[in-house]
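S.K.: Hey, dropping coords_25.cif in here, mmCIF, C-alpha atoms:
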```
data_structure
loop_
_atom_site.label_atom_id
_atom_site.label_comp_id
_atom_site.auth_asym_id
_atom_site.auth_seq_id
_atom_site.Cartn_x
_atom_site.Cartn_y
_atom_site.Cartn_z
CA MET U 17 -18.07 49.19 21.70
CA THR U 18 -16.95 45.65 20.84
CA GLU U 19 -19.65 43.61 19.09
CA LYS U 20 -21.14 40.67 20.99
CA SER U 21 -22.87 37.49 19.91
CA LYS U 22 -24.93 34.81 21.63
CA LEU U 23 -23.37 31.84 23.34
CA SER U 24 -23.91 28.40 21.86
CA ALA U 25 -24.73 25.38 24.00
CA ASP U 26 -21.57 23.51 22.97
CA MET U 27 -19.45 26.29 24.51
CA ILE U 28 -20.79 25.62 28.00
CA LEU U 29 -20.24 22.18 29.51
CA VAL U 30 -21.43 21.33 33.03
CA GLY U 31 -18.45 20.50 35.21
CA LYS U 32 -16.01 22.21 32.84
CA GLN U 33 -14.35 25.62 32.78
CA LEU U 34 -15.76 28.40 30.59
CA PRO U 35 -13.51 28.88 27.56
CA VAL U 36 -14.35 32.61 27.25
CA ASP U 37 -15.51 35.62 29.28
CA VAL U 38 -19.33 35.87 29.38
CA TYR U 39 -21.05 39.28 29.30
CA HIS U 40 -24.58 40.49 29.99
CA ARG U 41 -26.22 42.12 26.96
CA SER U 42 -25.79 45.48 28.79
CA GLY U 43 -22.03 44.96 28.48
CA MET U 44 -21.38 44.03 32.12
CA LEU U 45 -19.02 41.08 32.72
CA LEU U 46 -21.03 38.19 34.19
CA VAL U 47 -18.51 35.35 34.49
CA LYS U 48 -14.80 35.30 33.70
CA GLN U 49 -13.09 32.73 31.52
CA GLY U 50 -11.98 29.70 33.56
CA HIS U 51 -15.00 29.75 35.90
CA TYR U 52 -16.55 26.31 36.43
CA VAL U 53 -20.17 25.73 35.38
CA LEU U 54 -21.47 23.49 38.15
CA THR U 55 -25.14 22.83 37.36
CA PRO U 56 -27.46 22.53 34.34
CA GLU U 57 -29.48 25.45 35.75
CA GLN U 58 -26.39 27.67 35.74
CA LYS U 59 -25.75 26.69 32.13
CA GLN U 60 -29.32 27.61 31.12
CA LYS U 61 -29.06 31.05 32.79
CA LEU U 62 -25.80 31.78 30.96
CA LEU U 63 -27.35 30.73 27.64
CA ALA U 64 -30.42 32.91 28.31
CA HIS U 65 -28.61 36.09 29.36
CA GLY U 66 -24.98 35.70 28.36
CA GLN U 67 -23.07 36.95 25.34
CA LEU U 68 -19.45 36.77 24.24
CA ASP U 69 -17.06 39.13 22.55
CA ASN U 70 -16.84 38.38 18.81
CA SER U 71 -13.06 38.65 18.83
CA ALA U 72 -12.98 36.07 21.63
CA LYS U 73 -15.31 33.86 19.61
CA ALA U 74 -12.98 34.04 16.59
CA ALA U 75 -10.00 33.21 18.81
CA LEU U 76 -11.92 30.25 20.28
CA VAL U 77 -12.78 28.93 16.81
CA GLU U 78 -9.14 29.25 15.74
CA LYS U 79 -8.02 27.45 18.91
CA GLU U 80 -10.45 24.60 18.25
CA LEU U 81 -9.27 24.28 14.65
CA ARG U 82 -5.64 24.24 15.76
CA GLU U 83 -6.32 21.58 18.39
CA ARG U 84 -8.24 19.50 15.83
CA ARG U 85 -5.34 19.68 13.38
CA GLU U 86 -2.93 18.70 16.15
CA ARG U 87 -5.12 15.72 17.10
CA GLN U 88 -5.33 14.61 13.47
CA GLU U 89 -1.56 14.88 13.06
CA GLN U 90 -1.02 12.91 16.26
CA GLU U 91 -3.44 10.22 15.06
CA ARG U 92 -1.65 10.11 11.69
CA ARG U 93 1.71 9.63 13.39
CA GLN U 94 0.33 6.95 15.67
CA ALA U 95 -1.20 5.12 12.69
CA ALA U 96 2.11 5.31 10.82
CA SER U 97 3.97 3.81 13.79
CA GLN U 98 1.49 0.95 14.26
CA VAL U 99 1.82 -1.82 11.70
CA LEU U 100 -0.85 -4.50 11.59
CA ASN U 101 -0.12 -8.03 10.56
CA PRO U 102 1.15 -7.46 6.99
CA LEU U 103 -1.16 -10.09 5.48
CA VAL U 104 -4.16 -8.49 7.16
CA GLU U 105 -3.05 -5.01 6.19
CA LEU U 106 -2.43 -5.87 2.54
CA ASP U 107 -5.89 -7.43 2.40
CA GLN U 108 -7.36 -4.19 3.77
CA LEU U 109 -5.33 -2.10 1.33
CA ALA U 110 -6.53 -4.35 -1.50
CA HIS U 111 -10.16 -3.44 -0.73
CA LYS U 112 -9.21 0.24 -0.62
CA VAL U 113 -7.34 0.13 -3.93
CA ASN U 114 -10.13 -1.86 -5.57
CA GLY U 115 -12.54 0.98 -4.81
CA LEU U 116 -10.08 3.71 -5.82
CA LEU U 117 -9.30 2.19 -9.22
CA ASN U 118 -12.71 0.83 -10.18
CA ARG U 119 -14.88 3.65 -8.78
CA TYR U 120 -12.43 6.55 -8.86
CA PHE U 121 -14.94 9.33 -9.54
CA HIS U 122 -16.77 8.43 -6.32
CA SER U 123 -13.66 9.28 -4.27
CA GLN U 124 -13.82 12.74 -2.73
CA HIS U 125 -10.16 12.70 -1.72
CA PHE U 126 -8.55 10.59 -4.44
CA CYS U 127 -5.01 12.04 -4.25
CA SER U 128 -4.78 11.83 -0.47
CA ASP U 129 -6.29 8.31 -0.48
CA VAL U 130 -3.68 7.07 -2.97
CA SER U 131 -0.98 8.85 -0.98
CA HIS U 132 -2.17 7.10 2.19
CA VAL U 133 -1.93 3.66 0.54
CA ALA U 134 1.58 4.48 -0.70
CA SER U 135 2.60 5.58 2.81
CA ARG U 136 1.26 2.37 4.36
CA LEU U 137 3.18 0.26 1.84
CA LEU U 138 6.37 2.21 2.55
CA THR U 139 5.88 1.68 6.30
CA LEU U 140 5.43 -2.06 5.74
CA ALA U 141 8.49 -2.15 3.47
CA GLU U 142 10.52 -0.51 6.22
CA LYS U 143 9.18 -2.31 9.30
CA GLN U 144 8.09 -5.72 7.96
CA PRO U 145 9.65 -6.29 4.53
CA ASP U 146 9.51 -10.10 4.79
CA GLY U 147 5.83 -9.97 5.70
CA LEU U 148 5.09 -7.58 2.85
CA ILE U 149 6.77 -9.86 0.31
CA ALA U 150 4.89 -12.84 1.73
CA SER U 151 1.62 -10.90 1.53
CA CYS U 152 2.05 -10.39 -2.21
CA LEU U 153 2.35 -14.16 -2.66
CA LEU U 154 -0.28 -15.30 -0.17
CA VAL U 155 -3.18 -12.85 0.18
CA PRO U 156 -6.10 -14.02 -2.01
CA PHE U 157 -8.00 -11.53 -4.15
CA ASN U 158 -11.03 -11.24 -6.42
CA ASP U 159 -10.04 -8.30 -8.60
CA TYR U 160 -6.79 -8.93 -10.49
CA GLY U 161 -6.61 -5.47 -12.08
CA SER U 162 -6.43 -3.52 -8.82
CA MET U 163 -4.43 -6.15 -6.92
CA HIS U 164 -1.78 -6.20 -9.65
CA SER U 165 -1.21 -2.46 -9.19
CA LEU U 166 -0.97 -2.97 -5.42
CA HIS U 167 1.54 -5.83 -5.87
CA THR U 168 3.62 -3.70 -8.24
CA ALA U 169 3.74 -0.82 -5.75
CA ALA U 170 4.58 -3.16 -2.85
CA MET U 171 7.50 -4.77 -4.67
CA LEU U 172 8.62 -1.32 -5.76
CA GLY U 173 8.72 -0.30 -2.09
CA ILE U 174 10.97 -3.28 -1.34
CA LEU U 175 13.30 -2.57 -4.28
CA GLY U 176 13.38 1.17 -3.59
CA ARG U 177 14.72 0.55 -0.09
CA ARG U 178 17.53 -1.55 -1.53
CA LEU U 179 18.35 1.33 -3.91
CA ASN U 180 18.27 3.85 -1.02
CA LEU U 181 15.96 6.13 -2.99
CA PRO U 182 14.93 9.43 -1.32
CA ALA U 183 11.59 9.36 0.50
CA LYS U 184 9.96 11.82 -1.93
CA GLU U 185 11.05 9.73 -4.93
CA MET U 186 9.81 6.52 -3.32
CA HIS U 187 6.43 8.08 -2.63
CA VAL U 188 5.80 9.34 -6.16
CA LEU U 189 6.97 6.01 -7.63
CA LEU U 190 4.47 4.09 -5.52
CA CYS U 191 1.65 6.54 -6.28
CA ALA U 192 2.36 6.12 -10.00
CA ALA U 193 2.50 2.32 -9.72
CA LEU U 194 -0.82 2.24 -7.86
CA THR U 195 -2.55 4.30 -10.56
CA MET U 196 -0.67 3.32 -13.73
CA ASN U 197 -3.59 1.21 -15.03
CA ILE U 198 -6.52 3.26 -13.73
CA ALA U 199 -7.94 3.54 -17.27
CA ALA U 200 -7.66 -0.23 -17.81
CA THR U 201 -8.22 -1.85 -14.40
CA LYS U 202 -11.28 -3.77 -15.59
CA LEU U 203 -9.52 -4.69 -18.84
CA HIS U 204 -6.64 -6.24 -16.89
CA SER U 205 -9.11 -8.20 -14.76
CA ASP U 206 -10.99 -9.39 -17.83
CA LEU U 207 -7.77 -10.46 -19.59
CA SER U 208 -6.68 -12.48 -16.56
CA LYS U 209 -9.76 -14.67 -17.14
CA GLN U 210 -9.46 -14.77 -20.94
CA GLU U 211 -7.74 -17.73 -22.61
CA THR U 212 -7.61 -16.21 -26.09
CA ALA U 213 -5.38 -13.43 -27.41
CA LEU U 214 -6.47 -9.78 -27.22
CA ASP U 215 -8.93 -8.73 -29.90
CA ALA U 216 -8.52 -5.51 -31.88
CA SER U 217 -10.60 -3.43 -29.46
CA GLN U 218 -8.71 -4.73 -26.42
CA LYS U 219 -5.37 -4.03 -28.10
CA SER U 220 -6.46 -0.49 -28.83
CA ASP U 221 -7.56 0.04 -25.23
CA MET U 222 -4.32 -1.46 -23.92
CA TYR U 223 -2.12 0.77 -26.08
CA ALA U 224 -4.13 3.85 -25.07
CA HIS U 225 -4.24 3.23 -21.31
CA PRO U 226 -0.97 4.96 -20.23
CA LEU U 227 -2.09 8.27 -21.73
CA LEU U 228 -5.73 7.83 -20.79
CA SER U 229 -4.73 6.97 -17.22
CA SER U 230 -2.75 10.19 -17.05
CA ALA U 231 -5.74 12.15 -18.34
CA ILE U 232 -8.06 10.58 -15.75
CA LEU U 233 -5.58 11.37 -12.98
CA ARG U 234 -5.48 14.99 -14.07
CA ASP U 235 -9.29 15.12 -13.86
CA LEU U 236 -9.01 13.66 -10.36
CA GLY U 237 -6.72 16.46 -9.24
CA VAL U 238 -3.26 14.95 -9.65
CA ASP U 239 -0.97 17.86 -10.60
CA ASP U 240 2.44 16.22 -9.95
CA GLU U 241 4.02 16.14 -13.42
CA ARG U 242 6.50 13.41 -12.42
CA TRP U 243 3.57 11.21 -11.41
CA HIS U 244 2.05 11.75 -14.85
CA LEU U 245 5.37 11.07 -16.62
CA LEU U 246 5.84 7.77 -14.78
CA VAL U 247 2.31 6.64 -15.61
CA GLN U 248 2.71 7.60 -19.27
CA GLN U 249 6.04 5.75 -19.62
CA HIS U 250 5.43 2.60 -17.59
CA HIS U 251 5.05 0.46 -20.75
CA GLU U 252 8.07 1.82 -22.61
CA GLU U 253 10.84 -0.70 -23.40
CA TRP U 254 14.61 -0.21 -23.68
CA ASN U 255 14.62 -1.59 -27.23
CA GLY U 256 12.02 0.95 -28.40
CA SER U 257 9.20 -1.58 -28.80
CA GLY U 258 7.11 -0.17 -25.94
CA TYR U 259 4.12 2.15 -26.04
CA PRO U 260 2.60 4.72 -26.30
CA TYR U 261 5.65 6.69 -27.51
CA GLY U 262 8.09 3.96 -28.57
CA LEU U 263 10.88 5.65 -26.57
CA LYS U 264 14.47 4.48 -26.66
CA LYS U 265 16.49 3.48 -23.61
CA GLU U 266 18.02 6.90 -22.96
CA GLU U 267 14.61 8.61 -23.26
CA ILE U 268 12.87 6.53 -20.60
CA ASP U 269 12.71 7.82 -17.04
CA PRO U 270 14.63 5.40 -14.75
CA GLY U 271 11.69 5.43 -12.34
CA ALA U 272 9.32 4.29 -15.10
CA HIS U 273 11.82 1.52 -15.91
CA LEU U 274 11.72 0.40 -12.27
CA ILE U 275 7.92 0.34 -12.32
CA ARG U 276 8.00 -1.73 -15.51
CA LEU U 277 10.36 -4.26 -13.89
CA THR U 278 8.15 -4.83 -10.83
CA ASP U 279 5.07 -4.73 -13.10
CA VAL U 280 6.41 -7.65 -15.15
CA LEU U 281 7.60 -9.64 -12.14
CA THR U 282 4.32 -9.46 -10.23
CA SER U 283 2.29 -10.39 -13.30
CA LEU U 284 4.45 -13.50 -13.80
CA LEU U 285 3.71 -14.76 -10.28
CA VAL U 286 -0.07 -14.83 -10.65
CA THR U 287 -1.99 -17.63 -12.35
CA GLN U 288 -4.18 -16.38 -15.19
CA ALA U 289 -6.54 -18.18 -17.54
CA HIS U 290 -4.02 -18.37 -20.38
CA ARG U 291 -1.05 -19.48 -18.23
CA ALA U 292 -0.09 -20.74 -14.80
CA GLY U 293 1.74 -18.45 -12.42
CA ARG U 294 5.48 -19.01 -12.29
CA LEU U 295 7.18 -20.08 -9.10
CA PRO U 296 9.09 -17.08 -7.71
CA SER U 297 12.50 -18.73 -8.14
CA ILE U 298 11.74 -19.56 -11.78
CA ALA U 299 10.28 -16.12 -12.57
CA LEU U 300 13.31 -14.36 -11.07
CA GLY U 301 15.69 -16.66 -12.95
CA ARG U 302 14.01 -16.00 -16.29
CA LEU U 303 13.95 -12.26 -15.60
CA PHE U 304 17.69 -12.42 -14.95
CA LYS U 305 18.20 -14.17 -18.31
CA GLY U 306 16.25 -11.40 -20.06
CA GLU U 307 13.53 -13.71 -21.40
CA PHE U 308 10.64 -11.29 -20.85
CA SER U 309 12.16 -7.91 -21.63
CA GLU U 310 15.43 -6.02 -21.48
CA PHE U 311 15.93 -4.54 -18.03
CA ASP U 312 18.80 -2.78 -16.34
CA PRO U 313 20.86 -5.77 -15.07
CA ARG U 314 21.75 -3.80 -11.95
CA PHE U 315 18.07 -3.43 -11.04
CA VAL U 316 17.36 -7.11 -11.74
CA ALA U 317 20.33 -8.27 -9.67
CA LEU U 318 19.27 -6.06 -6.77
CA LEU U 319 15.68 -7.33 -7.01
CA ILE U 320 16.87 -10.95 -6.86
CA LYS U 321 19.20 -10.14 -3.99
CA GLU U 322 16.41 -8.41 -2.10
CA LEU U 323 13.74 -11.09 -2.63
CA GLY U 324 16.06 -14.08 -2.54
CA ILE U 325 15.82 -17.26 -4.61
CA TYR U 326 13.08 -18.40 -2.24
CA PRO U 327 11.12 -15.26 -1.20
CA PRO U 328 9.08 -15.15 2.02
CA GLY U 329 5.63 -16.54 1.35
CA SER U 330 6.87 -19.13 -1.16
CA PHE U 331 6.87 -22.88 -0.47
CA VAL U 332 9.67 -25.45 -0.60
CA ARG U 333 10.32 -29.12 -0.07
CA LEU U 334 13.04 -30.05 2.40
CA ALA U 335 15.54 -32.90 2.28
CA ASN U 336 13.49 -34.84 4.85
CA HIS U 337 10.47 -34.46 2.49
CA GLU U 338 8.63 -32.01 4.72
CA ILE U 339 6.84 -29.12 3.02
CA ALA U 340 7.71 -25.71 4.45
CA VAL U 341 6.87 -22.06 3.92
CA VAL U 342 9.67 -19.53 3.64
CA THR U 343 9.19 -17.02 6.46
CA HIS U 344 12.16 -14.66 6.28
CA ARG U 345 15.07 -13.97 4.00
CA PRO U 346 18.51 -15.10 5.18
CA SER U 347 20.42 -12.68 7.38
CA ASP U 348 23.52 -13.00 5.19
CA SER U 349 24.09 -12.98 1.43
CA ASN U 350 23.58 -16.75 1.04
CA THR U 351 20.14 -16.80 -0.58
CA LYS U 352 19.97 -20.62 -0.51
CA HIS U 353 19.33 -20.72 3.23
CA PRO U 354 16.29 -18.60 4.16
CA LYS U 355 14.30 -19.13 7.36
CA VAL U 356 11.46 -21.60 6.90
CA ALA U 357 8.71 -23.26 8.91
CA ALA U 358 7.50 -26.78 8.17
CA ILE U 359 3.75 -27.11 7.64
CA ARG U 360 3.43 -30.74 6.46
CA SER U 361 5.23 -33.91 7.42
CA ALA U 362 6.89 -36.26 4.93
CA SER U 363 3.69 -38.32 4.96
CA GLY U 364 1.62 -35.25 4.05
CA GLU U 365 0.05 -34.75 7.47
CA MET U 366 -0.63 -31.11 8.36
CA TYR U 367 1.13 -29.89 11.48
CA GLY U 368 -0.89 -28.12 14.17
CA GLU U 369 1.28 -25.03 13.73
CA PRO U 370 4.25 -24.05 11.56
CA LEU U 371 7.50 -25.51 12.96
CA PRO U 372 10.79 -23.59 12.44
CA ARG U 373 13.51 -25.47 10.56
CA ASN U 374 17.20 -24.65 9.99
CA THR U 375 17.87 -24.93 6.25
CA ARG U 376 21.64 -25.04 6.85
CA THR U 377 21.37 -28.57 8.22
CA SER U 378 21.49 -31.54 5.84
CA GLU U 379 18.12 -32.81 7.06
CA HIS U 380 16.32 -29.55 6.40
CA THR U 381 18.14 -28.17 3.38
CA ILE U 382 15.85 -27.00 0.56
CA THR U 383 15.59 -29.42 -2.35
CA GLU U 384 13.02 -27.69 -4.58
CA PRO U 385 10.39 -24.94 -4.71
CA ILE U 386 6.73 -25.93 -4.87
CA SER U 387 3.47 -24.06 -5.48
CA LEU U 388 0.85 -22.89 -2.99
CA LYS U 389 -1.57 -25.40 -4.53
CA GLU U 390 0.86 -28.26 -3.93
CA ALA U 391 1.50 -27.07 -0.38
CA GLY U 392 -2.24 -27.24 0.22
CA VAL U 393 -2.43 -24.65 2.97
CA ARG U 394 -4.77 -21.74 3.62
CA PRO U 395 -2.95 -18.40 4.01
CA ALA U 396 -4.92 -17.76 7.23
CA PHE U 397 -3.02 -20.68 8.83
CA LEU U 398 0.21 -18.73 8.31
CA LEU U 399 -0.93 -15.35 9.68
CA LYS U 400 0.85 -15.50 13.03
CA ILE U 401 4.26 -16.13 11.43
CA TRP U 402 4.50 -12.41 10.57
CA ASN U 403 2.75 -10.99 13.65
CA THR U 404 5.96 -9.43 14.94
#
```
Reformat the file's structure so that it appears as structure tokens.
M.R.:
Amino acid sequence: MTEKSKLSADMILVGKQLPVDVYHRSGMLLVKQGHYVLTPEQKQKLLAHGQLDNSAKAALVEKELRERRERQEQERRQAASQVLNPLVELDQLAHKVNGLLNRYFHSQHFCSDVSHVASRLLTLAEKQPDGLIASCLLVPFNDYGSMHSLHTAAMLGILGRRLNLPAKEMHVLLCAALTMNIAATKLHSDLSKQETALDASQKSDMYAHPLLSSAILRDLGVDDERWHLLVQQHHEEWNGSGYPYGLKKEEIDPGAHLIRLTDVLTSLLVTQAHRAGRLPSIALGRLFKGEFSEFDPRFVALLIKELGIYPPGSFVRLANHEIAVVTHRPSDSNTKHPKVAAIRSASGEMYGEPLPRNTRTSEHTITEPISLKEAGVRPAFLLKIWNT
């Protein structure tokens, strides 16, 4: 005789169909599957006298698990297809990454959490690349160490699309960029506020962090060897002066070289205690001249082509002396004429809302880049520019 077990209250819902056949403890069938339970009293009688076949119970549990997985997958797909305002989303991701990198052993699902951040960045890079670039220049932050890793991964997502890298390669590159400094996140934040050179202890910690980061990631369950390789090599230089291995050009993984390029660029754009942040156009120009390190000229050229001389989120002065924010890259290859919106008049008065300007006209041609501080605008004022 088939074994039976008691019904549970969550299996019987008033006004709903029974999901299983219900038997009396003598073995007699009481109510067939699909019968409606119409009253609370009927439910109580079934709970008091009814039993169900154990094989049916197992099938019901499996069905519920399958439906739950299907709902979760549907929710994941819906989330992937819905992109928030990129400035808002990057701010939310910044809080997430701050917790992951500064309190990593408190994360119960570290690998999947990092993977989720990488996926969101890739979605932004695909659906709203101009907004993502602008976010890296505009969204304020409190923790430089974690935000720098997020900026590096975001710019890597933009460059990876230009290089037409496979989806799997893009994902592991972004995961590595997000976690490359996990052993030195606080050190990077501290150094951003420090006006003096690194002391001996800080130098030692800095040189050790690629290998220590890899070791921490292994403890956190990361078993992708390419991920580890990229983290270990992200400070290697083509001329052999990098660390921790001092590898030569041909020994360095091209993906690690890409991470290093976006790592250097994003660090140049941020103001730190020992130096002011470079304007994007100046930082890109000096990168192109090889002033900061030796990079693959093809990668640098593509990065400049992708971001433009005046990237979205940067500020410019127009020929009529208005101050404008760059909103979108040009639709053609002429990087001197991006889309902009004026935010201040020639007299310095703030407009009620950003006003689109055509930079191909003589009146509104760009004359020079300026800083966010000089523009004197709160990023929140610019949010709606990248709503669609």
S.K.: Go through U:Leu63, U:Val30, U:Leu233, U:Ile339 one by one, measure the shortest atom-to-atom distance of each to Leu46 of chain U using only C-alpha atoms, and give the residue with the smallest value.
M.R.: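 Using only C-alpha atoms, Leu46 of chain U sits closest to U:Leu63.
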S.K.: Output as a tab-separated table one row per residue of segment 125-189 of chain U within 8 Å of segment 271-280 of chain U: the closest atom pair and its distance in Å to one decimal place, counting all atoms listed in the file, sorted by chain and residue number ascending.
M.R.:
```
residue	atom	partner	partner_atom	distance
U:His164	CA	U:Asp279	CA	7.8
U:Ser165	CA	U:Asp279	CA	7.7
U:Thr168	CA	U:Asp279	CA	5.2
U:Ala169	CA	U:Thr278	CA	7.8
U:Met171	CA	U:Thr278	CA	6.2
U:Leu172	CA	U:Thr278	CA	6.2
U:Leu189	CA	U:Gly271	CA	6.7
```
S.K.: I need the chosen residues saved as a PDB file, in the frame of the given file, with C-alpha atoms.
M.R.:
```
ATOM      1  CA  HIS U 164      -1.780  -6.200  -9.650  1.00  0.00           C
ATOM      2  CA  SER U 165      -1.210  -2.460  -9.190  1.00  0.00           C
ATOM      3  CA  THR U 168       3.620  -3.700  -8.240  1.00  0.00           C
ATOM      4  CA  ALA U 169       3.740  -0.820  -5.750  1.00  0.00           C
ATOM      5  CA  MET U 171       7.500  -4.770  -4.670  1.00  0.00           C
ATOM      6  CA  LEU U 172       8.620  -1.320  -5.760  1.00  0.00           C
ATOM      7  CA  LEU U 189       6.970   6.010  -7.630  1.00  0.00           C
TER       8      LEU U 189
END
```
S.K.: Report the centre and edge lengths, in Å to one decimal, of an axis-aligned box enclosing every atom of segment 167-170 of chain U listed in the file, padded by 3 Å on each side, as lines of an AutoDock Vina configuration file.
M.R.:
```
center_x = 3.1
center_y = -3.3
center_z = -5.5
size_x = 9.0
size_y = 11.0
size_z = 11.4
```
S.K.: Considering only C-alpha atoms, state which residue in the set U:Ala110, U:Ile401, U:Met186, U:His244 is at the smallest distance from Val155 of chain U.
M.R.: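 For Val155 of chain U, the nearest of the given residues is U:Ala110.
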S.K.: Could you build a table of the residues in segment 67-172 of chain U lying no more than 10 Å from segment 390-398 of chain U, giving for each the nearest pair of atoms and their separation in Å rounded to one decimal place, using all atoms listed in the file, ordered by chain and ascending residue number, as a tab-separated table?
M.R.:
```
residue	atom	partner	partner_atom	distance
U:Leu103	CA	U:Pro395	CA	8.6
U:Val104	CA	U:Ala396	CA	9.3
U:Ala150	CA	U:Pro395	CA	9.9
U:Ser151	CA	U:Pro395	CA	9.1
U:Leu153	CA	U:Pro395	CA	9.5
U:Leu154	CA	U:Pro395	CA	5.8
U:Val155	CA	U:Pro395	CA	6.7
U:Pro156	CA	U:Pro395	CA	8.1
```
S.K.: Using all atoms listed in the file, find the one residue out of U:Phe311, U:Trp254, U:Trp243, U:Tyr160 that sits nearest to Cys191 of chain U.
M.R.: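 Looking only at the distances to Cys191 of chain U, the closest residue turns out to be U:Trp243.
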S.K.: Compile the contact shell of Lys265 of chain U as a list in words: residues with an atom at most 8 Å away, counting all atoms listed in the file, same-chain residues fewer than 4 positions apart removed.
M.R.: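 So the residues in contact are Glu253, Trp254, Asn255 and Gly256 of chain U.
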S.K.: Tell me, in Å to one decimal, how far atom CA of Leu23 of chain U is from atom CA of Gln67 of chain U.
M.R.: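 Taking atom CA of Leu23 of chain U and atom CA of Gln67 of chain U, their separation equals 5.5 Å.
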S.K.: If I put a ball of radius 12 Å at (7.3, 12.8, 0.1) in the file's coordinates, which residues poke into it when counting only C-alpha atoms, written as a ChimeraX atom specification?
M.R.: /U:131-132,134-135,138,181-191,240
S.K.: Quick one: everything within 8 Å of segment 248-252 of chain U, counting all atoms listed in the file, minus sequence neighbours fewer than 5 positions away in the same chain. Send it as a list in words.
M.R.: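 The filter keeps Met196, Pro226, Leu227, Ser229, Ser230, Ser257, Gly258, Tyr259, Pro260, Tyr261, Gly262, Leu263, Ile268, Asp269, Ala272, His273, Ile275 and Arg276 of chain U.
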S.K.: Of the candidates U:Pro385, U:Asn197, U:Leu45, U:Ser208, which one gets nearest to Ala231 of chain U if we count only C-alpha atoms?
M.R.: U:Asn197
S.K.: Restricting the calculation to all atoms listed in the file, which member of U:Lys209, U:His344, U:Arg41, U:His204 is positioned closest to Ile325 of chain U?
M.R.: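 Among U:Lys209, U:His344, U:Arg41, U:His204, it is U:His344 that comes nearest to Ile325 of chain U.
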S.K.: Taking all atoms listed in the file into account, which of U:Leu371, U:Ile174, U:Met222, U:Val332 comes nearest Leu207 of chain U?
M.R.: U:Met222
S.K.: What's the 10 Å shell around His353 of chain U, counting all atoms listed in the file, without same-chain residues fewer than 4 positions away, as a compact mmCIF listing (two decimals) with C-alpha atoms, in the coordinates of the input?
M.R.:
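Generated output (around.txt):
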```
# COMPACT_ATOMS: atom_id res chain seq x y z
CA GLY U 324 16.06 -14.08 -2.54
CA ILE U 325 15.82 -17.26 -4.61
CA TYR U 326 13.08 -18.40 -2.24
CA VAL U 342 9.67 -19.53 3.64
CA HIS U 344 12.16 -14.66 6.28
CA ARG U 345 15.07 -13.97 4.00
CA PRO U 346 18.51 -15.10 5.18
CA SER U 347 20.42 -12.68 7.38
CA ASP U 348 23.52 -13.00 5.19
CA SER U 349 24.09 -12.98 1.43
CA ASN U 374 17.20 -24.65 9.99
CA THR U 375 17.87 -24.93 6.25
CA ARG U 376 21.64 -25.04 6.85
CA THR U 377 21.37 -28.57 8.22
CA HIS U 380 16.32 -29.55 6.40
CA THR U 381 18.14 -28.17 3.38
CA ILE U 382 15.85 -27.00 0.56
```
S.K.: Could you pull out every residue with an atom within 12 Å of (-3.1, 4.7, 2.7), file coordinates, counting all atoms listed in the file, and send them as an NGL selection string?
M.R.: :U and (92 or 95-96 or 105-106 or 108-113 or 116 or 125-140 or 166 or 187 or 190-191 or 194)
S.K.: For atom CA of Gly115 of chain U and atom CA of Pro102 of chain U, determine how far apart the two atoms are, in Å to one decimal place.
M.R.: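 Separating atom CA of Gly115 of chain U from atom CA of Pro102 of chain U is a distance of 19.9 Å.
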S.K.: What is the distance, in Å and to one decimal place, between atom CA of Leu68 of chain U and atom CA of Val36 of chain U?
M.R.: 7.2 Å
S.K.: As a check of understanding, name the residues that the PyMOL selection byres ((chain U and resi 369) around 10) selects in the supplied structure, as a PyMOL selection string.
M.R.: chain U and resi 357-360+366-368+370-372+397-398+400-401
S.K.: Can you tell me, as a PyMOL selection string, what residues are no more than 12 Å from Ser378 of chain U when counting all atoms listed in the file, ignoring any on the same chain fewer than 6 positions away?
M.R.: chain U and resi 334-337+353
